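Next up, final_39.tsv (TSV, C-alpha atoms):
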chain	number	residue	atom	x	y	z
A	1	MET	CA	78.18	88.32	116.11
A	2	ASP	CA	78.11	84.54	115.70
A	3	ARG	CA	79.14	82.78	112.51
A	4	ARG	CA	75.62	82.42	111.12
A	5	ASP	CA	74.94	86.13	111.57
A	6	PHE	CA	78.29	87.06	110.04
A	7	ILE	CA	77.69	84.99	106.93
A	8	LYS	CA	74.41	86.86	106.52
A	9	SER	CA	76.15	90.22	106.75
A	10	GLY	CA	76.09	92.43	103.69
A	11	ALA	CA	79.82	92.29	103.05
A	12	VAL	CA	80.01	88.54	102.77
A	13	ILE	CA	76.75	88.26	100.86
A	14	ALA	CA	78.23	90.74	98.37
A	15	ALA	CA	81.40	88.71	98.21
A	16	MET	CA	79.57	85.47	97.56
A	17	ALA	CA	76.74	86.72	95.37
A	18	SER	CA	78.83	87.09	92.22
A	19	LEU	CA	80.38	83.64	92.52
A	20	PRO	CA	79.29	80.48	90.71
A	21	ALA	CA	76.44	78.86	92.61
A	22	VAL	CA	78.34	75.61	92.97
A	23	ALA	CA	81.25	77.35	94.69
A	24	GLN	CA	78.85	78.53	97.42
A	25	SER	CA	77.28	75.13	97.94
A	26	GLY	CA	80.14	73.34	99.67
A	27	ALA	CA	79.46	70.24	97.59
A	28	LYS	CA	82.35	67.82	97.26
A	29	ASP	CA	81.98	67.77	93.49
A	30	GLY	CA	82.00	71.53	93.21
A	31	ARG	CA	85.06	71.52	90.97
A	32	LYS	CA	82.98	70.10	88.10
A	33	ALA	CA	81.18	73.36	87.39
A	34	VAL	CA	82.35	76.75	86.24
A	35	VAL	CA	80.31	79.80	85.29
A	36	GLN	CA	76.56	79.98	85.73
A	37	ASN	CA	75.82	83.65	86.10
A	38	VAL	CA	78.26	85.55	83.90
A	39	GLU	CA	75.62	86.69	81.41
A	40	VAL	CA	73.55	88.12	84.25
A	41	LYS	CA	76.62	89.80	85.72
A	42	ARG	CA	77.47	91.36	82.37
A	43	LYS	CA	73.99	92.90	82.03
A	44	VAL	CA	73.45	94.18	85.54
A	45	ASP	CA	76.93	95.27	86.56
A	46	PRO	CA	79.20	95.93	83.59
A	47	TYR	CA	82.77	96.86	84.49
A	48	GLY	CA	83.88	97.74	81.00
A	49	PRO	CA	85.84	95.75	78.42
A	50	LEU	CA	89.07	93.88	78.95
A	51	GLN	CA	92.22	95.98	78.58
A	52	ILE	CA	94.35	93.84	76.29
A	53	GLN	CA	97.69	95.04	74.96
A	54	SER	CA	99.30	93.28	72.01
A	55	ILE	CA	102.97	92.31	72.01
A	56	GLU	CA	105.14	90.23	69.68
A	57	ILE	CA	108.05	88.05	70.75
A	58	LYS	CA	110.50	87.04	68.05
A	59	VAL	CA	111.45	83.61	69.23
A	60	GLY	CA	111.96	81.57	66.07
A	61	ALA	CA	108.70	79.60	66.20
A	62	THR	CA	108.28	77.01	63.46
A	63	LYS	CA	104.80	78.46	63.00
A	64	PRO	CA	103.42	81.67	64.59
A	65	PHE	CA	100.99	81.19	67.47
A	66	GLU	CA	99.24	83.38	70.03
A	67	ALA	CA	98.48	83.32	73.72
A	68	LEU	CA	96.65	85.41	76.30
A	69	HIS	CA	98.87	86.27	79.25
A	70	VAL	CA	97.08	87.26	82.45
A	71	SER	CA	98.14	87.41	86.08
A	72	ASP	CA	96.98	88.45	89.54
A	73	THR	CA	93.32	87.52	89.33
A	74	HIS	CA	92.99	87.40	93.14
A	75	VAL	CA	89.81	85.36	93.42
A	76	THR	CA	88.35	85.61	96.94
A	77	ASN	CA	85.63	82.93	97.05
A	78	VAL	CA	84.63	81.33	100.35
A	79	ASP	CA	81.76	79.15	101.52
A	80	VAL	CA	80.50	77.18	104.52
A	81	ARG	CA	83.54	74.91	104.46
A	82	ASN	CA	85.60	77.84	105.82
A	83	ASP	CA	85.95	79.04	109.39
A	84	ASP	CA	84.97	82.46	110.70
A	85	ARG	CA	88.45	83.87	110.33
A	86	LYS	CA	88.63	82.91	106.65
A	87	ILE	CA	85.17	84.33	105.98
A	88	GLN	CA	86.11	87.62	107.60
A	89	LEU	CA	89.30	87.69	105.52
A	90	ALA	CA	87.26	87.10	102.36
A	91	SER	CA	84.96	89.99	103.19
A	92	LYS	CA	87.92	92.33	103.55
A	93	ARG	CA	89.79	91.06	100.51
A	94	TYR	CA	86.71	91.06	98.27
A	95	ALA	CA	86.48	94.80	98.87
A	96	ALA	CA	89.93	95.13	97.26
A	97	PHE	CA	89.16	92.84	94.31
A	98	PRO	CA	85.41	93.09	93.56
A	99	LYS	CA	85.87	92.61	89.80
A	100	ALA	CA	88.09	89.54	90.02
A	101	ASN	CA	85.58	86.85	89.12
A	102	TYR	CA	83.96	88.87	86.38
A	103	TYR	CA	87.19	89.65	84.60
A	104	TRP	CA	88.50	86.12	85.00
A	105	TYR	CA	85.45	84.75	83.18
A	106	GLU	CA	85.78	87.45	80.55
A	107	SER	CA	89.44	86.49	80.07
A	108	MET	CA	88.48	82.84	79.62
A	109	ARG	CA	85.85	83.86	77.09
A	110	TYR	CA	88.39	86.00	75.21
A	111	ALA	CA	90.93	83.17	75.08
A	112	ARG	CA	88.37	80.67	73.84
A	113	ASP	CA	86.78	83.02	71.31
A	114	ASN	CA	90.19	83.81	69.84
A	115	ASN	CA	91.63	80.29	70.09
A	116	LEU	CA	94.45	81.46	72.37
A	117	LEU	CA	96.62	79.49	74.72
A	118	MET	CA	96.07	80.83	78.25
A	119	LEU	CA	99.24	81.72	80.18
A	120	HIS	CA	98.57	82.64	83.83
A	121	SER	CA	101.55	83.86	85.84
A	122	GLY	CA	100.25	83.47	89.35
A	123	ASP	CA	98.05	84.81	92.12
A	124	PHE	CA	94.95	83.31	90.58
A	125	ALA	CA	93.93	82.84	94.20
A	126	ASP	CA	94.09	85.57	96.80
A	127	PHE	CA	94.35	83.00	99.59
A	128	VAL	CA	93.76	79.30	100.10
A	129	SER	CA	90.11	78.23	100.34
A	130	GLU	CA	88.19	75.22	99.13
A	131	ALA	CA	85.88	77.40	97.05
A	132	ILE	CA	88.78	79.12	95.28
A	133	LEU	CA	90.38	75.76	94.55
A	134	ASP	CA	87.04	74.61	93.10
A	135	VAL	CA	87.03	77.56	90.70
A	136	ALA	CA	90.69	77.05	89.80
A	137	ALA	CA	90.26	73.34	89.07
A	138	SER	CA	87.08	73.70	87.02
A	139	SER	CA	88.38	76.73	85.13
A	140	PHE	CA	91.79	75.35	84.20
A	141	LYS	CA	90.33	71.95	83.34
A	142	GLY	CA	88.40	73.58	80.52
A	143	LEU	CA	91.28	75.69	79.22
A	144	ASP	CA	94.29	75.15	77.01
A	145	CYS	CA	96.69	76.64	79.53
A	146	LEU	CA	100.02	76.80	81.32
A	147	VAL	CA	100.13	78.22	84.84
A	148	SER	CA	102.81	79.37	87.26
A	149	ALA	CA	102.21	79.87	90.98
A	150	GLY	CA	102.05	83.19	92.78
A	151	ASN	CA	102.79	83.94	96.42
A	152	HIS	CA	99.07	84.18	97.21
A	153	GLU	CA	98.47	80.65	95.90
A	154	TYR	CA	99.65	79.29	99.25
A	155	SER	CA	98.66	82.18	101.51
A	156	GLN	CA	96.50	81.05	104.42
A	157	TYR	CA	95.43	84.42	105.82
A	158	VAL	CA	97.49	86.95	103.83
A	159	GLY	CA	100.56	88.27	105.61
A	160	GLU	CA	100.08	86.42	108.87
A	161	ALA	CA	103.36	84.51	108.82
A	162	LYS	CA	106.77	84.25	107.24
A	163	GLU	CA	106.30	82.77	103.78
A	164	ASP	CA	108.95	80.26	102.76
A	165	GLU	CA	109.16	76.59	101.72
A	166	ALA	CA	107.94	75.39	105.13
A	167	TYR	CA	104.96	77.73	104.98
A	168	LYS	CA	104.17	76.68	101.40
A	169	ALA	CA	104.22	73.02	102.42
A	170	GLN	CA	101.18	73.54	104.65
A	171	SER	CA	98.89	73.88	101.63
A	172	TYR	CA	101.03	72.73	98.70
A	173	ALA	CA	99.38	69.33	98.11
A	174	LYS	CA	95.80	70.56	97.91
A	175	VAL	CA	96.74	73.62	95.85
A	176	GLN	CA	98.76	71.53	93.40
A	177	GLU	CA	95.82	69.13	93.01
A	178	ALA	CA	93.62	71.96	91.72
A	179	TYR	CA	96.11	73.33	89.19
A	180	PRO	CA	96.77	71.91	85.71
A	181	ASN	CA	100.56	71.47	85.80
A	182	ASP	CA	103.51	71.13	88.16
A	183	LEU	CA	103.75	74.46	90.00
A	184	LYS	CA	107.45	74.09	90.80
A	185	CYS	CA	108.56	73.80	87.17
A	186	CYS	CA	106.72	72.71	84.06
A	187	SER	CA	107.36	73.12	80.36
A	188	ARG	CA	105.44	72.87	77.13
A	189	VAL	CA	106.89	72.99	73.64
A	190	VAL	CA	104.63	74.79	71.16
A	191	ASN	CA	105.74	75.13	67.54
A	192	GLY	CA	109.37	74.76	68.49
A	193	VAL	CA	109.20	77.17	71.45
A	194	ASN	CA	109.75	75.92	74.99
A	195	LEU	CA	107.36	77.69	77.37
A	196	VAL	CA	108.74	77.14	80.89
A	197	ALA	CA	106.66	77.97	83.98
A	198	PHE	CA	108.47	77.95	87.33
A	199	ASP	CA	108.27	79.11	90.94
A	200	ASN	CA	110.06	82.28	92.11
A	201	ILE	CA	107.25	83.46	94.36
A	202	TYR	CA	109.22	84.32	97.52
A	203	TYR	CA	111.92	86.34	95.71
A	204	TYR	CA	114.26	83.39	95.41
A	205	VAL	CA	114.62	80.20	93.44
A	206	THR	CA	115.41	76.94	95.18
A	207	PRO	CA	118.29	74.73	94.02
A	208	GLU	CA	115.64	72.26	92.81
A	209	VAL	CA	113.90	74.84	90.64
A	210	SER	CA	117.20	76.24	89.36
A	211	ALA	CA	118.27	72.78	88.24
A	212	ALA	CA	114.91	72.09	86.58
A	213	VAL	CA	114.97	75.33	84.56
A	214	ARG	CA	118.56	74.68	83.45
A	215	GLN	CA	117.47	71.26	82.20
A	216	GLU	CA	114.80	72.94	80.08
A	217	PHE	CA	117.40	75.14	78.40
A	218	ALA	CA	119.52	72.07	77.75
A	219	LYS	CA	116.79	70.75	75.42
A	220	GLY	CA	117.98	73.30	72.86
A	221	TYR	CA	114.71	75.07	72.07
A	222	PRO	CA	114.28	78.84	72.29
A	223	VAL	CA	112.76	79.57	75.71
A	224	VAL	CA	110.10	81.93	77.03
A	225	LEU	CA	109.77	81.93	80.82
A	226	LEU	CA	106.51	82.25	82.74
A	227	CYS	CA	106.86	83.21	86.40
A	228	HIS	CA	105.13	85.37	88.96
A	229	VAL	CA	107.70	87.86	90.23
A	230	PRO	CA	109.67	89.99	87.75
A	231	PHE	CA	113.42	89.78	87.72
A	232	TYR	CA	115.41	92.87	88.57
A	233	THR	CA	115.64	95.44	85.83
A	234	PRO	CA	116.74	98.94	86.88
A	235	ALA	CA	113.88	101.08	85.63
A	236	LEU	CA	111.13	98.75	86.85
A	237	CYS	CA	112.68	98.45	90.29
A	238	GLN	CA	113.08	102.21	90.66
A	239	HIS	CA	109.54	102.83	89.43
A	240	VAL	CA	107.99	100.38	91.90
A	241	LEU	CA	110.27	101.56	94.71
A	242	HIS	CA	109.13	105.13	94.12
A	243	ASP	CA	105.44	104.18	93.93
A	244	SER	CA	105.70	102.13	97.12
A	245	GLY	CA	107.14	105.07	99.02
A	246	GLY	CA	110.51	103.39	99.37
A	247	VAL	CA	109.10	100.17	100.81
A	248	ALA	CA	110.46	97.78	98.16
A	249	GLY	CA	111.07	97.12	94.48
A	250	TYR	CA	109.23	93.78	94.48
A	251	VAL	CA	111.63	92.06	92.08
A	252	VAL	CA	113.82	88.95	92.18
A	253	GLY	CA	117.57	89.38	92.11
A	254	ALA	CA	117.93	93.02	93.12
A	255	PRO	CA	121.53	93.76	94.15
A	256	LEU	CA	122.33	94.44	97.79
A	257	ASP	CA	122.91	98.15	97.17
A	258	ILE	CA	119.24	98.31	96.08
A	259	THR	CA	117.59	96.08	98.70
A	260	SER	CA	119.55	97.84	101.43
A	261	THR	CA	117.61	101.02	100.60
A	262	TYR	CA	114.21	99.40	101.23
A	263	LYS	CA	112.48	100.74	104.32
A	264	HIS	CA	113.47	98.71	107.36
A	265	ASP	CA	111.93	98.71	110.83
A	266	ASP	CA	114.76	97.89	113.22
A	267	SER	CA	112.36	97.99	116.18
A	268	LEU	CA	110.72	94.71	115.19
A	269	PRO	CA	111.76	91.79	117.43
A	270	PRO	CA	114.10	89.22	115.87
A	271	GLU	CA	111.27	86.74	115.26
A	272	SER	CA	109.38	89.40	113.26
A	273	GLN	CA	112.22	90.80	111.16
A	274	TRP	CA	110.83	88.83	108.22
A	275	ARG	CA	108.16	91.51	107.95
A	276	ASN	CA	110.76	93.91	106.56
A	277	ARG	CA	110.73	93.82	102.76
A	278	SER	CA	114.50	94.21	102.73
A	279	VAL	CA	114.69	90.86	104.50
A	280	GLN	CA	111.99	89.19	102.40
A	281	GLN	CA	113.54	90.31	99.13
A	282	PHE	CA	117.21	89.86	99.93
A	283	THR	CA	118.94	87.95	97.10
A	284	ASP	CA	120.63	84.74	98.25
A	285	ALA	CA	123.59	83.14	96.50
A	286	VAL	CA	121.58	80.49	94.62
A	287	THR	CA	119.20	83.10	93.25
A	288	SER	CA	121.95	85.55	92.33
A	289	ASP	CA	123.80	82.84	90.44
A	290	PHE	CA	120.59	81.75	88.68
A	291	VAL	CA	119.71	85.28	87.54
A	292	GLU	CA	123.18	85.95	86.20
A	293	TRP	CA	123.13	82.59	84.42
A	294	LEU	CA	119.80	83.48	82.82
A	295	ARG	CA	121.18	86.76	81.49
A	296	ARG	CA	123.87	84.83	79.63
A	297	GLN	CA	121.53	82.37	77.91
A	298	PRO	CA	121.16	83.08	74.15
A	299	LEU	CA	118.14	80.76	74.02
A	300	LEU	CA	116.18	83.00	76.39
A	301	LYS	CA	113.78	85.06	74.24
A	302	GLY	CA	111.33	86.52	76.72
A	303	ILE	CA	109.97	86.57	80.27
A	304	LEU	CA	106.25	86.87	81.06
A	305	CYS	CA	105.40	87.78	84.65
A	306	GLY	CA	103.05	89.77	86.90
A	307	HIS	CA	103.00	90.57	90.63
A	308	CYS	CA	103.42	94.35	90.32
A	309	HIS	CA	99.89	94.93	88.95
A	310	LEU	CA	101.10	97.14	86.12
A	311	PHE	CA	102.13	96.96	82.48
A	312	TRP	CA	105.89	97.25	82.02
A	313	GLN	CA	108.34	96.23	79.31
A	314	GLU	CA	112.09	96.35	79.82
A	315	ARG	CA	115.11	94.53	78.46
A	316	PHE	CA	116.37	91.76	80.73
A	317	SER	CA	119.27	90.49	78.63
A	318	ASP	CA	120.80	90.82	75.18
A	319	THR	CA	118.26	88.36	73.80
A	320	ALA	CA	115.18	88.79	76.01
A	321	MET	CA	112.65	91.41	76.99
A	322	GLN	CA	110.73	91.09	80.25
A	323	TYR	CA	106.99	91.75	80.00
A	324	VAL	CA	105.15	92.53	83.23
A	325	VAL	CA	101.40	92.32	82.75
A	326	GLY	CA	98.79	94.47	84.45
A	327	ALA	CA	96.27	93.29	87.02
A	328	GLY	CA	93.93	90.51	85.97
A	329	TYR	CA	91.42	91.64	88.60
A	330	ASN	CA	91.07	94.83	86.53
A	331	GLY	CA	90.73	92.96	83.24
A	332	GLN	CA	94.26	93.62	82.01
A	333	GLY	CA	96.30	91.24	79.88
A	334	TYR	CA	98.73	90.76	77.02
A	335	ARG	CA	97.81	89.16	73.74
A	336	VAL	CA	101.17	87.63	72.80
A	337	ARG	CA	102.15	86.67	69.27
A	338	PHE	CA	105.12	84.32	69.08
A	339	VAL	CA	106.92	84.42	65.72
Take the structure I supplied and represent it as C-alpha cells, if you would.
Amino acid sequence: MDRRDFIKSGAVIAAMASLPAVAQSGAKDGRKAVVQNVEVKRKVDPYGPLQIQSIEIKVGATKPFEALHVSDTHVTNVDVRNDDRKIQLASKRYAAFPKANYYWYESMRYARDNNLLMLHSGDFADFVSEAILDVAASSFKGLDCLVSAGNHEYSQYVGEAKEDEAYKAQSYAKVQEAYPNDLKCCSRVVNGVNLVAFDNIYYYVTPEVSAAVRQEFAKGYPVVLLCHVPFYTPALCQHVLHDSGGVAGYVVGAPLDITSTYKHDDSLPPESQWRNRSVQQFTDAVTSDFVEWLRRQPLLKGILCGHCHLFWQERFSDTAMQYVVGAGYNGQGYRVRFV
C-alpha cells in the first residue's frame, strides 16, 4: 500500500475526521484556528459528560480561586506534513484514544464557562507531530493556563528509543514553541499562591530543574506543584504496581527496595536494558535528594499530577497532599478550589 492509499484507509480517515479542519490542511498558519466541528461532534457522537471531581487545597490564598486540572489528553492528530511511519502510528494510537479531541474541547469549554484557570499536567500530545503542535498552540493561546510537560510531549514514535535529555533535545525547540510557558520550570503567583510547573517526565529531575524549583520556594509564597509524574507514595505505588502486573509503580523517587521488584528482563542486550522499567524508573542521587527536600518544605501545600490515568489522593508530606488526576482522554479532571 503506498502512502496515498494508506491515507485513504478507514483507520486514518477516522483518526483525522474528528480533528479541526485546519489541522488536516497542512497550512503554515494552522495554529491560528481551534475548534470548528465540536457542535457537530457533540450531536452525532456523544461520549457522555465530563467526569469532574471537586477538591479543596488549603493553601492560604489571599482570595479563594479555582482551576480545572486535567492531564493525559493524548491528542493524536496527523496530516500530510507527516511521513508514512507517523501516519501509521497515528492510526494505531487513535484507536487507543478516540475521545481525546472531543474531551479536550469539552474541558476548554468547561474552564471558560466557569472562569477557571486551566492547569494541564502533561501528555497533551501523544507524540510529536506538526498537527498536534498546531492544536496545542491554538488551544493554549486562547486559554488562561499553566502547563507542565509529559513524557509523550517529546515522543517521536512512542517507545522506539531510550528517552532522556538527549532524546528530548531532538524535538524540544519546536515543542516549546507551541506551548504557553517554559516547560522546564515556570511559576505563576495567583492570589498569594505560587503555582510551579516543572519537568519530571523521565522519573528524575535534572540539577537545573531542582535548582529552579528551590528558587521558587525561596520566594516565600505557599507553593502548589504541577508536574506530570506522581512522586512516590506507598499506597499509590503498590496500587499501580499491582495493576501493572508487577511491571512498575510509575512514580518518581521510589526507593531501591521498591524499584528492584519491578519486572526485569535480563535477556535484553546491554544496549536495550533501558526497556526495563526498573532501569527507567531507578532513582538517582539528585532526584532522591530533591524528593526528600520537598518533603521537608513547610511551604509545600499540594502536588497536582497525572501520568497514571486514574484518580488518587494520598499524603505526600506533613503539609501537602498529592492529587493524581484521571485521564483527560476520558473526560476526567479535578475542579480545584484554592483557599
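Going from CA of Tyr103 (chain A) to CA of Met321 (chain A) covers 26.6 Å.
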Q: Show which residues sit within 7 Å of Arg93 (chain A), as number ranges by chain. Count all atoms listed in the file, and ignore same-chain residues fewer than 4 positions away.
A: A: 76, 89, 97
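Comparing the minimum interatomic distances between Tyr202 (chain A) and each of A:Val189, A:Val279, A:Ala111, A:Val223, counting only C-alpha atoms, we find that A:Val279 sits nearest.
Here CA of Val336 (chain A) is placed at a distance of 12.2 Å from CA of Val324 (chain A).
Residue neighbourhood of region 240-254 of chain A, excluding near-sequence residues (fewer than 5 positions): Tyr203, Pro230, Phe231, Tyr232, Tyr262, Lys263, Thr283 and Ser288 of chain A, at 6 Å, using all atoms listed in the file.
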Written file, previous selection with C-alpha atoms, as a tab-separated table (two decimals), in the coordinates of the input:
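Output (part21.tsv):
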chain	number	residue	atom	x	y	z
A	203	TYR	CA	111.92	86.34	95.71
A	230	PRO	CA	109.67	89.99	87.75
A	231	PHE	CA	113.42	89.78	87.72
A	232	TYR	CA	115.41	92.87	88.57
A	262	TYR	CA	114.21	99.40	101.23
A	263	LYS	CA	112.48	100.74	104.32
A	283	THR	CA	118.94	87.95	97.10
A	288	SER	CA	121.95	85.55	92.33
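The shortest atom-to-atom distance to Phe127 (chain A), with only C-alpha atoms taken into account, belongs to A:Glu153 out of A:Glu106, A:Asp144, A:Glu153, A:Asp164.
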Q | All residues 10 Å or closer to Ile132 (chain A), only C-alpha atoms, same chain fewer than 3 positions away omitted, as JSON, numbers by chain | A | {"A": [19, 23, 31, 74, 75, 76, 77, 78, 79, 124, 125, 126, 127, 128, 129, 135, 136, 137, 153, 175, 178]}
Got time to write the residues from that selection, C-alpha atoms, as a CSV table (one decimal), in the coordinates of the input?
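Produced file result37.csv, reproduced below:
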chain,number,residue,atom,x,y,z
A,19,LEU,CA,80.4,83.6,92.5
A,23,ALA,CA,81.2,77.4,94.7
A,31,ARG,CA,85.1,71.5,91.0
A,74,HIS,CA,93.0,87.4,93.1
A,75,VAL,CA,89.8,85.4,93.4
A,76,THR,CA,88.4,85.6,96.9
A,77,ASN,CA,85.6,82.9,97.0
A,78,VAL,CA,84.6,81.3,100.4
A,79,ASP,CA,81.8,79.2,101.5
A,124,PHE,CA,95.0,83.3,90.6
A,125,ALA,CA,93.9,82.8,94.2
A,126,ASP,CA,94.1,85.6,96.8
A,127,PHE,CA,94.4,83.0,99.6
A,128,VAL,CA,93.8,79.3,100.1
A,129,SER,CA,90.1,78.2,100.3
A,135,VAL,CA,87.0,77.6,90.7
A,136,ALA,CA,90.7,77.0,89.8
A,137,ALA,CA,90.3,73.3,89.1
A,153,GLU,CA,98.5,80.6,95.9
A,175,VAL,CA,96.7,73.6,95.8
A,178,ALA,CA,93.6,72.0,91.7
Q) Which neighbours of Gln322 (chain A) fall inside 8 Å, counting all atoms listed in the file, when residues of the same chain fewer than 2 positions from it are skipped, and could you give them as a VMD selection string? A) chain A and resid 230 302 to 305 313 to 316 320 324
Generate the output file for the selected residues, C-alpha atoms, as a PDB file, in the coordinates of the input.
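Produced file out_11.pdb, reproduced below:
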ATOM      1  CA  PRO A 230     109.670  89.990  87.750  1.00  0.00           C
ATOM      2  CA  GLY A 302     111.330  86.520  76.720  1.00  0.00           C
ATOM      3  CA  ILE A 303     109.970  86.570  80.270  1.00  0.00           C
ATOM      4  CA  LEU A 304     106.250  86.870  81.060  1.00  0.00           C
ATOM      5  CA  CYS A 305     105.400  87.780  84.650  1.00  0.00           C
ATOM      6  CA  GLN A 313     108.340  96.230  79.310  1.00  0.00           C
ATOM      7  CA  GLU A 314     112.090  96.350  79.820  1.00  0.00           C
ATOM      8  CA  ARG A 315     115.110  94.530  78.460  1.00  0.00           C
ATOM      9  CA  PHE A 316     116.370  91.760  80.730  1.00  0.00           C
ATOM     10  CA  ALA A 320     115.180  88.790  76.010  1.00  0.00           C
ATOM     11  CA  VAL A 324     105.150  92.530  83.230  1.00  0.00           C
TER      12      VAL A 324
END
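Minimum atom-to-atom distance to His152 (chain A), evaluated using all atoms listed in the file, belongs to A:Tyr172 out of A:Phe217, A:Phe140, A:Tyr172, A:Trp293.
Compared by their closest atoms to Phe290 (chain A), and using only C-alpha atoms, the residues A:Val205, A:Ile55, A:Val229, A:Val158 rank with A:Val205 nearest.
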Q | Of the listed residues A:Glu160, A:Ala96, A:Lys174, A:Tyr221, that which approaches Leu133 (chain A) most closely, counting all atoms listed in the file | A | A:Lys174
